[in-house]
Amino acid sequence: MWCGLALLLWRTSVPSLHLSGLDQHRYFSAHALARSRSYTRGEELLWLLGTVASLVALGVLAWRLPRSIRRIGLGPIGSAIVAGMVLLVTLWFSSLPFSLADLWWQHHWGLGPFDVAAWFAAQWSTLAPEAVSAMATIVLLVGLAGRYRRWWLVAWPVIVVLAVFFAFVSGWLSAAAAHPLKDAQLRSDIARIETVEHVEGTPVRVQDVSSWTNQANAFTVGFGPATHVVLWNTLLDGRFSRGEVDVVVAHELGHVRSRHILKALGWTALLVLPTLWLVALVTRRRGGVRDPANLPLVILTLTVLALLTAPIQNVVSRRYEAEADWRALNATRDPASARKLFEGFEQTSLEQPSPPFWDYVLLENHPTLMQRIAMTERWPQ
């Protein structure tokens with residue numbers, strides 16, 4: 001059943017296409033390739049150092065924190081709340097130097113201002129909901145593990161329901177942080193694309209991010225009546241043509257048409273059960289998840305599992321992003337603008353057209369620029 005559901009979620013509308021064999025020097029200058037390569041190496045190093053720092057911090061907490069938690073005497077739930085707060089604060093502070101270094105690195109390469117206050121303000125809108133959901137999950141796991149022997153079977157549907165709830169609410173939260181689109185021509189284009197994609201009435205809003213980045217982006221959030229497409233205002237600052245912006249909008253509406261948010265929740269439902277079982281297995285000898293002192297080991301286990309399963313998550317994500325690209329080409333019928341858009345991403349984000357294999361496997365959740373350009377070349381055929 002698990003494999004059958006995974007195969008259903010794996011299916012996309014993209015035909016079998018040969019997306020390789022093109023020379024990146026045909027589309028990008030040697031200077032541009034060198035710049036993107038240097039920038040990417042710095043990003044990779046910061047990711048590696050940040051990941052190691054988080055693992056070390058969790059390892060120290062798993063070694064030292066249990067004694068302190070057992071001495072608190074607040075009961076399982078109270079102790080779980082204290083342990084959860086310590087874990088969240090420690091992880092945030094251990095990653096903060098590398099996040100700020102990344103902000104400076106982007107500024108160094110001309111991708112945005114080094115405005116720490118604006119960056120913190122932008123981070124807060126996502127940190128608060130993430131912290132609330134993390135604490136709710138911690139309390140839930142400890143509470144259920146204290147009552148049920150096979151707690152992971154009981155926790156599985158509850159966590160899936162929570163994931164669905166937060167995915168739905170995120171649509172409205174993101175909309176609240178954005179403003180309506182003012183460009184009448186673009187609104188007309190969006191209405192036309194929505195009709196082609198059969199997703200009429202999907203709200204498209206604009207988020208102001210230019211105070212902390214110059215990079216251009218867009219994303220789709222929520223599902224059902226909470227569905228929203230959000231464009232960064234940097235996408236509309238004149239660096240991209242009307243046709244290129246239409247491709248971005250069509251790509252995001254392609255996510256809506258293909259129900260990728262719901263499919264991602266489907267993958268969550270499939271992966272949560274074996275993940276919880278593995279957590280129960282790892283913590284069993286130390287008293288299980290019902291003991292709040294084992295929460296550092298729980299989070300360490302989840303972090304390691306996330307790293308090990310990152311290649312699988314990225315494969316699925318790249319497949320869905322390729323489907324959104326394909327739908328955008330069918331909706332706009334403008335491969336030239338799409339190709340120019342992808343070439344422009346190298347300049348506006350210093351994205352490496354053909355990253356190293358390990359980077360592609362571990363970090364890339366979108367097709368490479370060369371794969372996306374190859375699709376625009378193959379589409380007319």
# chains A, B, ... in the order shown; residues from 1 in each chain; ligands from 1
>>> select_by_dssp(residues="region 128-190 of chain A", states="alpha helix (DSSP H)", output="compact mmCIF listing (two decimals) with N, CA and C atoms, in the first residue's frame")
# COMPACT_ATOMS: atom_id res chain seq x y z
N ALA A 128 8.31 32.24 14.44
CA ALA A 128 7.27 32.10 15.47
C ALA A 128 6.35 30.91 15.19
N PRO A 129 5.76 30.79 13.98
CA PRO A 129 4.91 29.62 13.72
C PRO A 129 5.68 28.30 13.81
N GLU A 130 6.94 28.29 13.36
CA GLU A 130 7.74 27.07 13.44
C GLU A 130 7.99 26.67 14.89
N ALA A 131 8.28 27.65 15.74
CA ALA A 131 8.51 27.36 17.15
C ALA A 131 7.25 26.82 17.82
N VAL A 132 6.11 27.43 17.51
CA VAL A 132 4.85 26.96 18.08
C VAL A 132 4.55 25.53 17.65
N SER A 133 4.72 25.25 16.37
CA SER A 133 4.44 23.90 15.88
C SER A 133 5.42 22.89 16.47
N ALA A 134 6.69 23.28 16.61
CA ALA A 134 7.69 22.37 17.20
C ALA A 134 7.36 22.06 18.65
N MET A 135 6.99 23.06 19.44
CA MET A 135 6.65 22.82 20.84
C MET A 135 5.40 21.97 20.95
N ALA A 136 4.41 22.23 20.11
CA ALA A 136 3.19 21.42 20.13
C ALA A 136 3.49 19.96 19.81
N THR A 137 4.38 19.73 18.84
CA THR A 137 4.75 18.36 18.47
C THR A 137 5.50 17.67 19.60
N ILE A 138 6.41 18.38 20.26
CA ILE A 138 7.17 17.81 21.37
C ILE A 138 6.24 17.38 22.50
N VAL A 139 5.34 18.27 22.91
CA VAL A 139 4.40 17.94 23.98
C VAL A 139 3.51 16.77 23.58
N LEU A 140 3.08 16.76 22.33
CA LEU A 140 2.23 15.68 21.84
C LEU A 140 2.95 14.33 21.92
N LEU A 141 4.19 14.28 21.44
CA LEU A 141 4.93 13.01 21.43
C LEU A 141 5.16 12.49 22.84
N VAL A 142 5.58 13.37 23.75
CA VAL A 142 5.85 12.94 25.12
C VAL A 142 4.55 12.47 25.79
N GLY A 143 3.46 13.20 25.56
CA GLY A 143 2.19 12.82 26.16
C GLY A 143 1.68 11.48 25.66
N LEU A 144 1.74 11.27 24.35
CA LEU A 144 1.25 10.00 23.79
C LEU A 144 2.16 8.84 24.16
N ALA A 145 3.49 9.09 24.18
CA ALA A 145 4.41 8.01 24.54
C ALA A 145 4.22 7.58 25.99
N GLY A 146 3.76 8.49 26.84
CA GLY A 146 3.51 8.14 28.23
C GLY A 146 2.25 7.32 28.41
N ARG A 147 1.36 7.31 27.43
CA ARG A 147 0.09 6.60 27.57
C ARG A 147 0.01 5.32 26.76
N TRP A 151 3.12 4.20 20.72
CA TRP A 151 2.69 5.58 20.62
C TRP A 151 2.82 6.12 19.21
N TRP A 152 3.78 5.59 18.43
CA TRP A 152 4.02 6.11 17.09
C TRP A 152 2.85 5.85 16.16
N LEU A 153 2.08 4.77 16.44
CA LEU A 153 0.88 4.51 15.63
C LEU A 153 -0.21 5.53 15.92
N VAL A 154 -0.28 5.97 17.19
CA VAL A 154 -1.29 6.97 17.57
C VAL A 154 -0.87 8.37 17.14
N ALA A 155 0.44 8.65 17.27
CA ALA A 155 0.94 9.99 16.94
C ALA A 155 0.91 10.27 15.45
N TRP A 156 1.04 9.22 14.64
CA TRP A 156 1.12 9.38 13.19
C TRP A 156 -0.04 10.20 12.62
N PRO A 157 -1.33 9.79 12.81
CA PRO A 157 -2.40 10.59 12.22
C PRO A 157 -2.52 11.98 12.83
N VAL A 158 -2.17 12.11 14.11
CA VAL A 158 -2.28 13.42 14.76
C VAL A 158 -1.28 14.40 14.15
N ILE A 159 -0.05 13.94 13.94
CA ILE A 159 0.97 14.81 13.35
C ILE A 159 0.60 15.17 11.91
N VAL A 160 0.03 14.22 11.17
CA VAL A 160 -0.39 14.51 9.80
C VAL A 160 -1.47 15.58 9.80
N VAL A 161 -2.42 15.48 10.73
CA VAL A 161 -3.48 16.49 10.84
C VAL A 161 -2.88 17.85 11.17
N LEU A 162 -1.90 17.88 12.09
CA LEU A 162 -1.24 19.15 12.42
C LEU A 162 -0.52 19.73 11.20
N ALA A 163 0.15 18.86 10.43
CA ALA A 163 0.84 19.33 9.23
C ALA A 163 -0.13 19.92 8.22
N VAL A 164 -1.27 19.28 8.06
CA VAL A 164 -2.31 19.79 7.16
C VAL A 164 -2.81 21.15 7.65
N PHE A 165 -3.03 21.25 8.95
CA PHE A 165 -3.52 22.51 9.52
C PHE A 165 -2.55 23.65 9.28
N PHE A 166 -1.26 23.42 9.59
CA PHE A 166 -0.27 24.48 9.41
C PHE A 166 -0.06 24.81 7.93
N ALA A 167 -0.15 23.81 7.06
CA ALA A 167 -0.02 24.08 5.62
C ALA A 167 -1.18 24.94 5.13
N PHE A 168 -2.36 24.69 5.67
CA PHE A 168 -3.53 25.49 5.29
C PHE A 168 -3.41 26.92 5.82
N VAL A 169 -3.08 27.05 7.10
CA VAL A 169 -3.00 28.37 7.72
C VAL A 169 -1.88 29.21 7.11
N SER A 170 -0.80 28.56 6.65
CA SER A 170 0.32 29.31 6.09
C SER A 170 -0.10 30.13 4.88
N GLY A 171 -1.14 29.67 4.16
CA GLY A 171 -1.63 30.44 3.03
C GLY A 171 -2.15 31.80 3.46
N TRP A 172 -2.92 31.83 4.53
CA TRP A 172 -3.46 33.11 5.01
C TRP A 172 -2.37 33.96 5.66
N LEU A 173 -1.44 33.32 6.39
CA LEU A 173 -0.36 34.09 7.03
C LEU A 173 0.52 34.77 5.99
N SER A 174 0.86 34.04 4.92
CA SER A 174 1.69 34.63 3.86
C SER A 174 0.95 35.75 3.14
N ALA A 175 -0.35 35.59 2.97
CA ALA A 175 -1.15 36.63 2.32
C ALA A 175 -1.18 37.89 3.18
N ALA A 176 -1.23 37.71 4.50
CA ALA A 176 -1.27 38.86 5.39
C ALA A 176 0.02 39.67 5.34
N ALA A 184 -1.87 46.73 -13.69
CA ALA A 184 -3.09 46.27 -14.38
C ALA A 184 -2.77 45.29 -15.49
N GLN A 185 -1.69 45.52 -16.24
CA GLN A 185 -1.31 44.61 -17.32
C GLN A 185 -0.96 43.23 -16.77
N LEU A 186 -0.23 43.20 -15.69
CA LEU A 186 0.14 41.92 -15.10
C LEU A 186 -1.08 41.22 -14.54
N ARG A 187 -2.01 41.96 -13.96
CA ARG A 187 -3.24 41.34 -13.46
C ARG A 187 -4.02 40.71 -14.61
N SER A 188 -4.02 41.39 -15.77
CA SER A 188 -4.69 40.83 -16.94
C SER A 188 -4.01 39.55 -17.42
N ASP A 189 -2.68 39.56 -17.41
CA ASP A 189 -1.93 38.36 -17.79
C ASP A 189 -2.22 37.21 -16.83
N ILE A 190 -2.28 37.52 -15.55
CA ILE A 190 -2.53 36.49 -14.55
C ILE A 190 -3.91 35.87 -14.74
>>> residues_around(residues="Ala32 (chain A)", least_positions_apart="6", cutoff="9 Å", atoms="only C-alpha atoms", output="PyMOL selection string")
chain A and resi 346-347+350
>>> closest_residue(among="A:Val230, A:Ala269, A:Ala62, A:Leu363", to="Arg286 (chain A)", atoms="only C-alpha atoms")
A:Ala62
>>> closest_residue(among="A:Thr12, A:Thr234, A:Leu271, A:Asp246", to="Leu111 (chain A)", atoms="only C-alpha atoms")
A:Thr234
>>> atom_distance(atom1="CA of Gln24 (chain A)", atom2="CA of Gln371 (chain A)")
10.2 Å
>>> closest_residue(among="A:Thr275, A:Ser99, A:Ser210, A:Thr348", to="Pro113 (chain A)", atoms="only C-alpha atoms")
A:Ser210
>>> closest_residue(among="A:Pro380, A:Gly288, A:Pro353, A:Val196", to="Thr332 (chain A)", atoms="only C-alpha atoms")
A:Val196
>>> select_by_dssp(residues="region 68-298 of chain A", states="strand (DSSP E)", output="list in words")
His179, Pro180, Val204, Arg205, Val206, Gln207, Ala218, Phe219, Thr220, Val221, His228, Val229, Val230, Leu231 and Trp232 of chain A
>>> closest_residue(among="A:Asp115, A:Glu321, A:Asp208, A:Asp237", to="Ile261 (chain A)", atoms="only C-alpha atoms")
A:Glu321
>>> residues_around(residues="Gly254 (chain A)", least_positions_apart="6", cutoff="7 Å", atoms="only C-alpha atoms", output="compact mmCIF listing (two decimals) with C-alpha atoms, in the first residue's frame")
# COMPACT_ATOMS: atom_id res chain seq x y z
CA GLU A 197 -4.34 26.52 -16.01
CA ALA A 324 5.53 23.34 -12.87
CA ARG A 327 2.92 23.66 -17.23
CA ALA A 328 4.35 27.18 -17.47
>>> atom_distance(atom1="CA of Thr301 (chain A)", atom2="CA of Gly287 (chain A)")
15.1 Å
>>> closest_residue(among="A:Phe120, A:Tyr148, A:Tyr27, A:Tyr320", to="Asn365 (chain A)", atoms="only C-alpha atoms")
A:Tyr320
